[in-house]
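Structure file final-v4.csv (CSV, C-alpha atoms) is printed below.
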```
chain,number,residue,atom,x,y,z
A,232,PHE,CA,-59.5,13.1,-91.4
A,233,VAL,CA,-61.0,15.3,-88.7
A,234,ALA,CA,-64.7,15.3,-89.5
A,235,LYS,CA,-67.1,18.1,-88.3
A,236,ASN,CA,-68.6,16.0,-85.5
A,237,GLN,CA,-65.0,15.3,-84.3
A,238,ILE,CA,-64.2,19.0,-84.1
A,239,ILE,CA,-67.4,19.6,-82.0
A,240,ILE,CA,-66.4,16.8,-79.6
A,241,ILE,CA,-62.8,18.0,-79.3
A,242,ARG,CA,-63.8,21.7,-78.7
A,243,THR,CA,-66.4,20.7,-76.1
A,244,MET,CA,-64.1,18.5,-74.1
A,245,TRP,CA,-60.8,20.3,-74.9
A,246,PRO,CA,-59.8,20.9,-71.2
A,247,TYR,CA,-60.4,17.2,-70.5
A,248,PHE,CA,-58.0,16.1,-73.2
A,249,GLY,CA,-55.1,18.3,-72.0
A,250,GLY,CA,-56.0,21.6,-73.7
A,251,ALA,CA,-53.6,23.2,-76.1
A,252,THR,CA,-50.9,20.5,-75.2
A,253,ALA,CA,-52.9,17.7,-76.8
A,254,PRO,CA,-51.7,17.2,-80.4
A,255,VAL,CA,-54.4,16.6,-83.0
A,256,PHE,CA,-53.4,14.4,-85.9
A,257,THR,CA,-54.8,15.7,-89.2
A,258,ALA,CA,-55.1,14.5,-92.8
A,259,GLU,CA,-52.3,16.9,-93.7
A,260,ASP,CA,-50.1,15.3,-91.0
A,261,GLU,CA,-51.0,11.9,-92.3
A,262,ALA,CA,-50.0,12.8,-95.9
A,263,LYS,CA,-46.7,14.3,-94.8
A,264,GLU,CA,-45.7,11.2,-92.8
A,265,ALA,CA,-46.6,8.9,-95.7
A,266,ALA,CA,-44.7,11.1,-98.1
A,267,SER,CA,-41.6,11.1,-95.9
A,268,LEU,CA,-41.1,7.3,-96.3
A,269,THR,CA,-38.8,5.7,-98.7
A,270,ASN,CA,-40.0,2.7,-100.8
A,271,LYS,CA,-38.0,0.4,-98.5
A,272,GLU,CA,-39.7,1.9,-95.4
A,273,LYS,CA,-43.1,1.6,-97.0
A,274,ALA,CA,-42.4,-2.1,-97.7
A,275,GLU,CA,-41.3,-2.7,-94.1
A,276,VAL,CA,-44.5,-1.1,-92.8
A,277,LEU,CA,-46.6,-3.4,-95.0
A,278,MET,CA,-44.6,-6.5,-94.0
A,279,ASP,CA,-45.1,-5.6,-90.4
A,280,LEU,CA,-48.8,-5.1,-90.8
A,281,TYR,CA,-49.2,-8.5,-92.6
A,282,GLY,CA,-46.7,-10.4,-90.5
A,283,THR,CA,-44.5,-11.3,-93.4
A,284,ARG,CA,-41.3,-9.5,-92.4
A,285,LYS,CA,-38.3,-11.8,-92.0
A,286,HIS,CA,-35.6,-10.9,-89.5
A,287,ASP,CA,-32.2,-11.9,-90.7
A,288,PHE,CA,-30.3,-10.6,-87.7
A,289,ASN,CA,-27.9,-13.2,-86.3
A,290,HIS,CA,-26.4,-12.6,-82.9
A,291,SER,CA,-22.6,-12.7,-82.8
A,292,ASP,CA,-19.8,-11.7,-80.4
A,293,GLN,CA,-19.0,-8.9,-82.8
A,294,SER,CA,-22.5,-7.5,-82.6
A,295,MET,CA,-22.4,-7.6,-78.8
A,296,GLU,CA,-19.0,-5.9,-78.8
A,297,ALA,CA,-20.4,-3.2,-81.1
A,298,LEU,CA,-23.4,-2.7,-78.7
A,299,ASP,CA,-21.0,-2.3,-75.7
A,300,ASN,CA,-18.9,0.2,-77.7
A,301,GLU,CA,-22.0,2.3,-78.5
A,302,ILE,CA,-23.0,2.3,-74.8
A,303,HIS,CA,-19.5,3.3,-73.9
A,304,ARG,CA,-19.7,6.3,-76.3
A,305,VAL,CA,-22.8,7.7,-74.5
A,306,PRO,CA,-21.8,10.4,-72.1
A,307,MET,CA,-22.0,9.3,-68.4
A,308,GLU,CA,-24.6,11.9,-67.6
A,309,GLU,CA,-27.0,10.4,-70.2
A,310,LYS,CA,-26.8,6.9,-68.9
A,311,VAL,CA,-26.9,7.3,-65.1
A,312,ALA,CA,-29.9,4.9,-64.6
A,313,TYR,CA,-28.1,2.2,-66.8
A,314,CYS,CA,-24.9,2.5,-64.7
A,315,MET,CA,-26.9,2.2,-61.5
A,316,ALA,CA,-28.5,-1.0,-62.9
A,317,LEU,CA,-25.1,-2.4,-63.7
A,318,GLU,CA,-24.1,-2.0,-60.1
A,319,GLN,CA,-27.4,-3.0,-58.4
A,320,CYS,CA,-28.9,-5.7,-60.7
A,321,PRO,CA,-26.2,-6.8,-63.2
A,322,ASP,CA,-28.3,-10.0,-63.9
A,323,GLN,CA,-30.9,-7.8,-65.6
A,324,ILE,CA,-28.3,-6.6,-68.1
A,325,SER,CA,-27.0,-10.0,-69.0
A,326,HIS,CA,-25.6,-11.1,-72.3
A,327,ALA,CA,-29.0,-12.6,-73.2
A,328,ARG,CA,-30.9,-9.5,-72.1
A,329,LYS,CA,-28.7,-7.3,-74.3
A,330,ARG,CA,-29.3,-9.7,-77.2
A,331,GLU,CA,-33.1,-8.9,-76.9
A,332,PHE,CA,-32.4,-5.2,-77.4
A,333,LEU,CA,-30.2,-5.9,-80.4
A,334,TYR,CA,-33.0,-8.1,-81.9
A,335,SER,CA,-35.7,-5.5,-81.3
A,336,SER,CA,-33.4,-2.9,-83.0
A,337,GLU,CA,-32.8,-5.1,-86.1
A,338,GLY,CA,-29.2,-5.7,-85.1
A,339,ASN,CA,-28.4,-2.0,-85.1
A,340,PRO,CA,-26.0,-1.5,-82.2
A,341,GLN,CA,-26.5,2.3,-82.0
A,342,LEU,CA,-30.3,2.0,-81.8
A,343,ALA,CA,-30.0,-0.9,-79.4
A,344,ALA,CA,-27.8,1.1,-77.1
A,345,ARG,CA,-30.2,4.0,-77.1
A,346,ARG,CA,-33.2,1.7,-76.4
A,347,LEU,CA,-31.4,0.0,-73.6
A,348,ILE,CA,-30.5,3.3,-72.0
A,349,ASN,CA,-34.0,4.6,-72.5
A,350,TYR,CA,-35.3,1.4,-70.8
A,351,TRP,CA,-33.5,2.1,-67.6
A,352,ASP,CA,-34.2,5.9,-67.7
A,353,THR,CA,-37.9,5.2,-68.0
A,354,ARG,CA,-37.9,2.4,-65.5
A,355,LEU,CA,-36.3,4.6,-62.9
A,356,ASP,CA,-38.8,7.4,-63.6
A,357,LEU,CA,-41.8,5.1,-63.3
A,358,PHE,CA,-40.7,2.8,-60.5
A,359,GLY,CA,-38.5,5.1,-58.4
A,360,GLU,CA,-35.1,4.1,-57.1
A,361,LYS,CA,-36.5,1.9,-54.3
A,362,LYS,CA,-38.2,-0.5,-56.8
A,363,CYS,CA,-36.4,0.1,-60.1
A,364,PHE,CA,-33.7,-2.4,-59.7
A,365,LEU,CA,-35.7,-5.2,-58.0
A,366,PRO,CA,-36.5,-8.3,-60.1
A,367,PHE,CA,-39.3,-7.5,-62.6
A,368,THR,CA,-41.8,-9.7,-60.9
A,369,LEU,CA,-45.0,-9.5,-58.9
A,370,ASP,CA,-43.2,-9.7,-55.6
A,371,GLY,CA,-40.4,-7.5,-56.8
A,372,ALA,CA,-40.7,-4.3,-58.8
A,373,LEU,CA,-44.4,-4.8,-59.3
A,374,GLN,CA,-45.2,-5.5,-55.6
A,375,ASP,CA,-47.5,-2.4,-55.4
A,376,ASP,CA,-49.2,-2.8,-58.7
A,377,HIS,CA,-51.3,-6.0,-58.2
A,378,ASP,CA,-54.6,-4.2,-58.4
A,379,ALA,CA,-53.6,-2.3,-61.6
A,380,ILE,CA,-52.4,-5.6,-63.2
A,381,GLU,CA,-55.6,-7.4,-62.3
A,382,LYS,CA,-57.8,-4.6,-63.6
A,383,SER,CA,-55.6,-3.6,-66.6
A,384,ALA,CA,-57.2,-2.5,-69.8
A,385,PHE,CA,-54.6,-4.8,-71.5
A,386,SER,CA,-55.0,-8.6,-71.9
A,387,LEU,CA,-53.0,-11.1,-73.9
A,388,LEU,CA,-55.2,-13.2,-76.2
A,389,ASP,CA,-54.8,-17.0,-75.8
A,390,THR,CA,-54.1,-17.5,-79.5
A,391,ALA,CA,-51.4,-15.9,-81.6
A,392,ASP,CA,-52.1,-14.8,-85.2
A,393,ARG,CA,-51.3,-17.0,-88.2
A,394,ASN,CA,-47.7,-15.8,-88.3
A,395,GLY,CA,-47.1,-16.7,-84.6
A,396,ARG,CA,-47.3,-13.1,-83.4
A,397,PRO,CA,-48.8,-12.6,-79.9
A,398,VAL,CA,-51.9,-10.4,-79.9
A,399,MET,CA,-52.6,-7.9,-77.0
A,400,MET,CA,-56.1,-6.6,-76.6
A,401,PHE,CA,-56.6,-3.1,-75.2
A,402,ASP,CA,-60.2,-2.3,-74.0
A,403,PRO,CA,-60.3,1.2,-72.4
A,404,SER,CA,-63.7,0.4,-70.8
A,405,GLN,CA,-61.6,-1.6,-68.3
A,406,HIS,CA,-59.6,1.6,-67.5
A,407,LYS,CA,-62.1,3.3,-65.3
A,408,ALA,CA,-61.6,6.5,-63.4
A,409,PRO,CA,-61.4,7.4,-60.6
A,410,ARG,CA,-59.2,4.4,-59.8
A,411,ALA,CA,-57.8,3.0,-56.6
A,412,TYR,CA,-54.4,3.1,-58.4
A,413,SER,CA,-52.4,5.9,-60.1
A,414,THR,CA,-51.8,6.4,-63.8
A,415,LYS,CA,-48.2,5.4,-63.2
A,416,SER,CA,-49.3,2.1,-61.7
A,417,ALA,CA,-51.5,1.5,-64.7
A,418,ILE,CA,-48.5,2.1,-67.0
A,419,ARG,CA,-46.3,-0.2,-64.9
A,420,ALA,CA,-49.0,-2.9,-65.2
A,421,ALA,CA,-49.2,-2.5,-69.0
A,422,TRP,CA,-45.4,-2.7,-69.1
A,423,TYR,CA,-45.4,-5.9,-67.0
A,424,LEU,CA,-48.0,-7.6,-69.2
A,425,TYR,CA,-46.1,-6.8,-72.4
A,426,GLU,CA,-42.8,-7.8,-70.8
A,427,SER,CA,-44.4,-11.1,-69.7
A,428,ILE,CA,-45.1,-12.2,-73.3
A,429,PRO,CA,-43.1,-15.5,-73.8
A,430,LYS,CA,-40.0,-15.3,-76.0
A,431,ASP,CA,-39.6,-17.6,-79.1
A,432,ASP,CA,-37.8,-20.9,-79.0
A,433,GLU,CA,-34.5,-19.2,-79.5
A,434,GLY,CA,-35.1,-16.7,-76.6
A,435,LYS,CA,-35.8,-13.8,-79.0
A,436,PRO,CA,-38.6,-11.3,-78.2
A,437,ARG,CA,-41.6,-11.8,-80.5
A,438,ASP,CA,-43.2,-9.3,-82.8
A,439,VAL,CA,-46.4,-8.1,-81.1
A,440,VAL,CA,-49.8,-7.0,-82.5
A,441,THR,CA,-52.0,-4.7,-80.4
A,442,ILE,CA,-55.8,-4.5,-81.0
A,443,MET,CA,-57.5,-1.4,-79.5
A,444,TYR,CA,-61.2,-2.2,-79.0
A,445,LEU,CA,-63.1,1.1,-78.7
A,446,LYS,CA,-66.7,0.1,-78.9
A,447,LEU,CA,-67.4,0.2,-75.1
A,448,GLY,CA,-65.2,3.1,-74.0
A,449,MET,CA,-66.7,6.1,-72.2
A,450,ILE,CA,-65.3,9.6,-71.6
A,451,ASP,CA,-64.0,8.7,-68.2
A,452,ASN,CA,-62.0,5.8,-69.7
A,453,PHE,CA,-60.0,8.2,-71.9
A,454,ASP,CA,-56.5,8.9,-70.6
A,455,ARG,CA,-54.3,10.5,-73.1
A,456,LYS,CA,-51.2,10.5,-70.9
A,457,PHE,CA,-51.6,6.8,-70.2
A,458,MET,CA,-52.0,6.0,-73.9
A,459,ARG,CA,-49.1,8.2,-75.0
A,460,LEU,CA,-46.6,6.8,-72.4
A,461,VAL,CA,-47.6,3.2,-72.9
A,462,ASN,CA,-47.2,3.6,-76.6
A,463,LYS,CA,-43.8,5.3,-76.2
A,464,ILE,CA,-42.6,2.5,-74.0
A,465,LEU,CA,-43.7,-0.1,-76.5
A,466,CYS,CA,-42.1,1.7,-79.5
A,467,THR,CA,-38.9,3.1,-78.0
A,468,VAL,CA,-38.1,1.4,-74.7
A,469,MET,CA,-39.1,-2.2,-74.4
A,470,PRO,CA,-37.0,-5.0,-76.1
A,471,LEU,CA,-39.8,-6.1,-78.5
A,472,ARG,CA,-41.1,-5.0,-81.9
A,473,ALA,CA,-44.6,-3.4,-81.8
A,474,CYS,CA,-45.3,-4.3,-85.4
A,475,ALA,CA,-49.0,-3.5,-85.9
A,476,PHE,CA,-51.8,-1.6,-84.2
A,477,HIS,CA,-55.5,-2.1,-85.1
A,478,ILE,CA,-58.4,0.1,-83.8
A,479,CYS,CA,-61.6,-1.8,-83.9
A,480,GLN,CA,-65.2,-0.5,-83.8
A,481,PRO,CA,-64.6,3.0,-82.4
A,482,ASN,CA,-67.9,4.3,-81.0
A,483,THR,CA,-69.2,7.8,-81.6
A,484,LEU,CA,-67.2,9.2,-78.8
A,485,TYR,CA,-64.0,7.6,-79.8
A,486,GLU,CA,-64.5,8.5,-83.4
A,487,GLY,CA,-64.3,12.1,-82.2
A,488,LEU,CA,-61.3,11.3,-80.1
A,489,LEU,CA,-59.3,9.5,-82.8
A,490,PRO,CA,-57.4,12.6,-83.9
A,491,ILE,CA,-56.1,13.1,-80.4
A,492,LEU,CA,-55.6,9.4,-79.7
A,493,ILE,CA,-53.6,9.0,-83.0
A,494,GLY,CA,-51.7,12.2,-82.2
A,495,ALA,CA,-50.5,10.6,-78.9
A,496,LEU,CA,-48.9,7.7,-80.7
A,497,GLU,CA,-45.3,7.4,-81.9
A,498,LYS,CA,-44.7,7.9,-85.6
A,499,SER,CA,-43.8,4.2,-86.1
A,500,ALA,CA,-47.1,3.2,-84.5
A,501,ARG,CA,-49.2,5.6,-86.6
A,502,LEU,CA,-47.7,4.2,-89.8
A,503,ARG,CA,-48.6,0.7,-88.6
A,504,LEU,CA,-52.1,1.6,-87.6
A,505,ARG,CA,-55.3,0.4,-89.3
A,506,ILE,CA,-58.9,1.3,-88.3
A,507,HIS,CA,-61.7,-1.3,-88.7
A,508,ARG,CA,-65.3,-0.2,-88.6
A,509,GLY,CA,-68.7,-1.9,-89.0
A,510,SER,CA,-70.2,-5.1,-87.7
A,511,ILE,CA,-68.3,-7.7,-85.7
A,512,ALA,CA,-68.3,-9.9,-88.8
A,513,SER,CA,-66.9,-7.2,-91.1
A,514,VAL,CA,-64.2,-6.3,-88.5
A,515,THR,CA,-63.1,-9.9,-87.9
A,516,ASP,CA,-63.0,-10.4,-91.7
A,517,SER,CA,-60.8,-7.3,-92.0
A,518,LEU,CA,-58.5,-8.4,-89.3
A,519,ASP,CA,-58.3,-11.9,-90.9
A,520,SER,CA,-56.8,-10.2,-94.0
A,521,TYR,CA,-53.8,-9.2,-91.8
A,522,GLY,CA,-53.4,-12.7,-90.5
A,523,ILE,CA,-55.3,-12.1,-87.2
A,524,ASP,CA,-58.0,-14.6,-86.6
A,525,GLN,CA,-59.8,-16.2,-83.6
A,526,VAL,CA,-60.4,-12.8,-82.0
A,527,SER,CA,-63.3,-12.6,-79.5
A,528,PHE,CA,-64.5,-9.2,-78.6
A,529,PRO,CA,-66.2,-8.3,-75.3
A,530,SER,CA,-70.0,-8.2,-75.6
A,531,ARG,CA,-71.0,-6.5,-72.4
```

Show how you would write the structure in this file as structure tokens.
Amino acid sequence: FVAKNQIIIIRTMWPYFGGATAPVFTAEDEAKEAASLTNKEKAEVLMDLYGTRKHDFNHSDQSMEALDNEIHRVPMEEKVAYCMALEQCPDQISHARKREFLYSSEGNPQLAARRLINYWDTRLDLFGEKKCFLPFTLDGALQDDHDAIEKSAFSLLDTADRNGRPVMMFDPSQHKAPRAYSTKSAIRAAWYLYESIPKDDEGKPRDVVTIMYLKLGMIDNFDRKFMRLVNKILCTVMPLRACAFHICQPNTLYEGLLPILIGALEKSARLRLRIHRGSIASVTDSLDSYGIDQVSFPSR
């Protein structure tokens, strides 16, 4: 998995990537993760990748009661931010909002409780107490992040895939350094863009596909902390299902960075990751096999 030219790039730029703290994902790691899956989990990964997974979770008063019971069982010191939100912005922890966390956790109340608590812990850390509990809008919690949102490396494609899943494009060449805004602001911007994805007709969060277009990225676009935290928020914090990740046309530099980039992802994301190389035609054909069509890549 880690080719000779990748090792050379990694060693040369090691301090830039975070030194010894930057995990490198190897072929051995990949094999271990694949071997750890049950047949049911392997099937779920494939269904997520191809957009064929059916969600049979039906919301009920019993499931909401089970979620509330799980939250109650969490020690107070582990849910401080959540309790602050209950006092300062109870409308943001409404019945409908909790339902989104249940749905994104496949109806598992224990997982939904942990995700909901993680949501507020992370939001307090990223936004600070002054803005954390404001409405999650451009003139509320995001009032200081307009520049980061306008220049974000993330953009939602106009067309969903054939299974109705929204597709988010990530182009790190837009993520230029030095920037007039902080890494935290860039992360908040990405959070806002994903959170703004419209719900389905029943108000449920949609499964989301992310395409990482790496043909135009340069060394000053690579920010491991940014990638790691955004992916963690997607996979463990936000009330949505990040069901598939596709890396497209990595250039020579990013081919060398792939072991670090992949090492920064959550396990659930790595298992649902596919890499597409070659010409635009071959990449679009490959994406089409996963139900993703009508993708236009930047040409600059």

May I ask which of the residues A:Tyr313, A:Tyr423, A:Phe332, A:Tyr281 is the closest one to Met295 of chain A, counting all atoms listed in the file?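 For Met295 of chain A, the nearest of the given residues is A:Phe332.
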
Considering only C-alpha atoms, can you say which of A:Ala384, A:Cys320, A:Ala512, A:Ala343 comes closest to Leu447 of chain A? A:Ala384

Rounded to one decimal, what separation in Å do you get between atom CA of Glu433 of chain A and atom CA of Phe367 of chain A?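 That distance, rounded to one decimal, is 21.1 Å.
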
Residues near Ile506 of chain A, anyone? I mean within 8 Å using only C-alpha atoms, not counting same-chain ones fewer than 3 positions away, as number ranges by chain. A: 477-480

List the spatial neighbours of Cys466 of chain A as a PyMOL selection string - criterion: any atom at most 10 Å away, all atoms listed in the file, same-chain residues fewer than 2 positions off excluded. chain A and resi 335+346+460-464+468-474+496-500

For those residues, write C-alpha atoms to a file as a PDB file, in the frame of the given file.
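What ended up in out_2.pdb:
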```
ATOM      1  CA  SER A 335     -35.700  -5.500 -81.300  1.00  0.00           C
ATOM      2  CA  ARG A 346     -33.200   1.700 -76.400  1.00  0.00           C
ATOM      3  CA  LEU A 460     -46.600   6.800 -72.400  1.00  0.00           C
ATOM      4  CA  VAL A 461     -47.600   3.200 -72.900  1.00  0.00           C
ATOM      5  CA  ASN A 462     -47.200   3.600 -76.600  1.00  0.00           C
ATOM      6  CA  LYS A 463     -43.800   5.300 -76.200  1.00  0.00           C
ATOM      7  CA  ILE A 464     -42.600   2.500 -74.000  1.00  0.00           C
ATOM      8  CA  VAL A 468     -38.100   1.400 -74.700  1.00  0.00           C
ATOM      9  CA  MET A 469     -39.100  -2.200 -74.400  1.00  0.00           C
ATOM     10  CA  PRO A 470     -37.000  -5.000 -76.100  1.00  0.00           C
ATOM     11  CA  LEU A 471     -39.800  -6.100 -78.500  1.00  0.00           C
ATOM     12  CA  ARG A 472     -41.100  -5.000 -81.900  1.00  0.00           C
ATOM     13  CA  ALA A 473     -44.600  -3.400 -81.800  1.00  0.00           C
ATOM     14  CA  CYS A 474     -45.300  -4.300 -85.400  1.00  0.00           C
ATOM     15  CA  LEU A 496     -48.900   7.700 -80.700  1.00  0.00           C
ATOM     16  CA  GLU A 497     -45.300   7.400 -81.900  1.00  0.00           C
ATOM     17  CA  LYS A 498     -44.700   7.900 -85.600  1.00  0.00           C
ATOM     18  CA  SER A 499     -43.800   4.200 -86.100  1.00  0.00           C
ATOM     19  CA  ALA A 500     -47.100   3.200 -84.500  1.00  0.00           C
TER      20      ALA A 500
END
```

Among listed residues A:Leu369, A:Thr441, A:Met400, A:Ser294, nearest Ser427 of chain A (using only C-alpha atoms):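 Looking at the shortest contact to Ser427 of chain A, the residue is A:Leu369.
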
Contacts of Pro366 of chain A within 12 Å, all atoms listed in the file, excl. fewer than 2 positions in-chain, as a PDB file with C-alpha atoms, in the frame of the given file:
```pdb
ATOM      1  CA  ALA A 316     -28.500  -1.000 -62.900  1.00  0.00           C
ATOM      2  CA  GLN A 319     -27.400  -3.000 -58.400  1.00  0.00           C
ATOM      3  CA  CYS A 320     -28.900  -5.700 -60.700  1.00  0.00           C
ATOM      4  CA  PRO A 321     -26.200  -6.800 -63.200  1.00  0.00           C
ATOM      5  CA  ASP A 322     -28.300 -10.000 -63.900  1.00  0.00           C
ATOM      6  CA  GLN A 323     -30.900  -7.800 -65.600  1.00  0.00           C
ATOM      7  CA  ILE A 324     -28.300  -6.600 -68.100  1.00  0.00           C
ATOM      8  CA  PHE A 358     -40.700   2.800 -60.500  1.00  0.00           C
ATOM      9  CA  LYS A 361     -36.500   1.900 -54.300  1.00  0.00           C
ATOM     10  CA  LYS A 362     -38.200  -0.500 -56.800  1.00  0.00           C
ATOM     11  CA  CYS A 363     -36.400   0.100 -60.100  1.00  0.00           C
ATOM     12  CA  PHE A 364     -33.700  -2.400 -59.700  1.00  0.00           C
ATOM     13  CA  THR A 368     -41.800  -9.700 -60.900  1.00  0.00           C
ATOM     14  CA  LEU A 369     -45.000  -9.500 -58.900  1.00  0.00           C
ATOM     15  CA  ASP A 370     -43.200  -9.700 -55.600  1.00  0.00           C
ATOM     16  CA  GLY A 371     -40.400  -7.500 -56.800  1.00  0.00           C
ATOM     17  CA  ALA A 372     -40.700  -4.300 -58.800  1.00  0.00           C
ATOM     18  CA  LEU A 373     -44.400  -4.800 -59.300  1.00  0.00           C
ATOM     19  CA  GLN A 374     -45.200  -5.500 -55.600  1.00  0.00           C
ATOM     20  CA  TYR A 423     -45.400  -5.900 -67.000  1.00  0.00           C
TER      21      TYR A 423
END
```

Nearest-residue call for Ala258 of chain A, choices A:Val276, A:Ala379, A:Leu484, A:Leu489, using only C-alpha atoms: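 Checking each candidate against Ala258 of chain A, we get A:Leu489 as the closest.
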
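The environment of Asp389 of chain A within 12 Å, counting all atoms listed in the file and disregarding residues fewer than 2 places along the same chain, consists of Ser386, Leu387, Ala391, Asp392, Gly395, Arg396, Pro397, Val398, Met399, Met400, Ile428, Pro429, Asp524, Gln525, Val526 and Ser527 of chain A.
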
From A:Gly434, A:Gly522, A:Pro529, A:Pro490, residue lying nearest Thr283 of chain A [only C-alpha atoms]: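 The closest residue to Thr283 of chain A is A:Gly522.
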
Closest of A:Leu518, A:Leu424, A:Val311, A:Leu333 to Asp352 of chain A, counting all atoms listed in the file, is A:Val311

Can you measure atom CA of Pro254 of chain A to atom CA of Glu486 of chain A for me? One decimal in Å is fine. 15.8 Å

Computed gap from atom CA of Tyr521 of chain A to atom CA of Asn452 of chain A is 27.9 Å

Could you list, as a compact mmCIF listing (two decimals) with C-alpha atoms, keeping the file's coordinate frame, every residue within 12 Å of Lys456 of chain A, counting only C-alpha atoms and ignoring same-chain residues fewer than 2 positions away?
```txt
# COMPACT_ATOMS: atom_id res chain seq x y z
CA TYR A 247 -60.40 17.20 -70.50
CA PHE A 248 -58.00 16.10 -73.20
CA GLY A 249 -55.10 18.30 -72.00
CA THR A 252 -50.90 20.50 -75.20
CA ALA A 253 -52.90 17.70 -76.80
CA PRO A 254 -51.70 17.20 -80.40
CA SER A 413 -52.40 5.90 -60.10
CA THR A 414 -51.80 6.40 -63.80
CA LYS A 415 -48.20 5.40 -63.20
CA ALA A 417 -51.50 1.50 -64.70
CA ILE A 418 -48.50 2.10 -67.00
CA ASN A 452 -62.00 5.80 -69.70
CA PHE A 453 -60.00 8.20 -71.90
CA ASP A 454 -56.50 8.90 -70.60
CA MET A 458 -52.00 6.00 -73.90
CA ARG A 459 -49.10 8.20 -75.00
CA LEU A 460 -46.60 6.80 -72.40
CA VAL A 461 -47.60 3.20 -72.90
CA ASN A 462 -47.20 3.60 -76.60
CA LYS A 463 -43.80 5.30 -76.20
CA ILE A 491 -56.10 13.10 -80.40
CA LEU A 492 -55.60 9.40 -79.70
CA GLY A 494 -51.70 12.20 -82.20
CA ALA A 495 -50.50 10.60 -78.90
CA LEU A 496 -48.90 7.70 -80.70
```

Incomplete segment 485-501 of chain A filled out to N, CA and C atoms as a PDB file, keeping the file's coordinate frame:
```
ATOM      1  N   TYR A 485     -65.360   7.837 -79.410  1.00  0.00           N
ATOM      2  CA  TYR A 485     -64.000   7.600 -79.800  1.00  0.00           C
ATOM      3  C   TYR A 485     -63.680   7.950 -81.225  1.00  0.00           C
ATOM      4  N   GLU A 486     -64.691   7.961 -82.077  1.00  0.00           N
ATOM      5  CA  GLU A 486     -64.500   8.500 -83.400  1.00  0.00           C
ATOM      6  C   GLU A 486     -64.051   9.963 -83.305  1.00  0.00           C
ATOM      7  N   GLY A 487     -64.679  10.684 -82.378  1.00  0.00           N
ATOM      8  CA  GLY A 487     -64.300  12.100 -82.200  1.00  0.00           C
ATOM      9  C   GLY A 487     -62.938  12.239 -81.534  1.00  0.00           C
ATOM     10  N   LEU A 488     -62.540  11.234 -80.755  1.00  0.00           N
ATOM     11  CA  LEU A 488     -61.300  11.300 -80.100  1.00  0.00           C
ATOM     12  C   LEU A 488     -60.082  10.792 -80.914  1.00  0.00           C
ATOM     13  N   LEU A 489     -60.373  10.147 -82.030  1.00  0.00           N
ATOM     14  CA  LEU A 489     -59.300   9.500 -82.800  1.00  0.00           C
ATOM     15  C   LEU A 489     -58.169  10.500 -83.188  1.00  0.00           C
ATOM     16  N   PRO A 490     -58.466  11.744 -83.612  1.00  0.00           N
ATOM     17  CA  PRO A 490     -57.400  12.600 -83.900  1.00  0.00           C
ATOM     18  C   PRO A 490     -56.409  12.896 -82.775  1.00  0.00           C
ATOM     19  N   ILE A 491     -56.946  12.898 -81.541  1.00  0.00           N
ATOM     20  CA  ILE A 491     -56.100  13.100 -80.400  1.00  0.00           C
ATOM     21  C   ILE A 491     -55.402  11.794 -79.996  1.00  0.00           C
ATOM     22  N   LEU A 492     -56.144  10.692 -80.054  1.00  0.00           N
ATOM     23  CA  LEU A 492     -55.600   9.400 -79.700  1.00  0.00           C
ATOM     24  C   LEU A 492     -54.395   9.088 -80.680  1.00  0.00           C
ATOM     25  N   ILE A 493     -54.626   9.286 -81.979  1.00  0.00           N
ATOM     26  CA  ILE A 493     -53.600   9.000 -83.000  1.00  0.00           C
ATOM     27  C   ILE A 493     -52.415   9.969 -82.807  1.00  0.00           C
ATOM     28  N   GLY A 494     -52.717  11.220 -82.452  1.00  0.00           N
ATOM     29  CA  GLY A 494     -51.700  12.200 -82.200  1.00  0.00           C
ATOM     30  C   GLY A 494     -50.779  11.844 -81.033  1.00  0.00           C
ATOM     31  N   ALA A 495     -51.290  11.000 -80.115  1.00  0.00           N
ATOM     32  CA  ALA A 495     -50.500  10.600 -78.900  1.00  0.00           C
ATOM     33  C   ALA A 495     -49.584   9.440 -79.236  1.00  0.00           C
ATOM     34  N   LEU A 496     -49.732   8.816 -80.403  1.00  0.00           N
ATOM     35  CA  LEU A 496     -48.900   7.700 -80.700  1.00  0.00           C
ATOM     36  C   LEU A 496     -47.561   8.077 -81.327  1.00  0.00           C
ATOM     37  N   GLU A 497     -46.593   7.188 -81.204  1.00  0.00           N
ATOM     38  CA  GLU A 497     -45.300   7.400 -81.900  1.00  0.00           C
ATOM     39  C   GLU A 497     -45.500   7.259 -83.381  1.00  0.00           C
ATOM     40  N   LYS A 498     -44.627   7.901 -84.137  1.00  0.00           N
ATOM     41  CA  LYS A 498     -44.700   7.900 -85.600  1.00  0.00           C
ATOM     42  C   LYS A 498     -44.737   6.419 -86.123  1.00  0.00           C
ATOM     43  N   SER A 499     -43.863   5.581 -85.585  1.00  0.00           N
ATOM     44  CA  SER A 499     -43.800   4.200 -86.100  1.00  0.00           C
ATOM     45  C   SER A 499     -45.099   3.473 -85.832  1.00  0.00           C
ATOM     46  N   ALA A 500     -45.814   3.815 -84.744  1.00  0.00           N
ATOM     47  CA  ALA A 500     -47.100   3.200 -84.500  1.00  0.00           C
ATOM     48  C   ALA A 500     -48.184   3.721 -85.413  1.00  0.00           C
ATOM     49  N   ARG A 501     -48.177   5.027 -85.661  1.00  0.00           N
ATOM     50  CA  ARG A 501     -49.200   5.600 -86.600  1.00  0.00           C
ATOM     51  C   ARG A 501     -49.073   4.985 -87.971  1.00  0.00           C
TER      52      ARG A 501
END
```
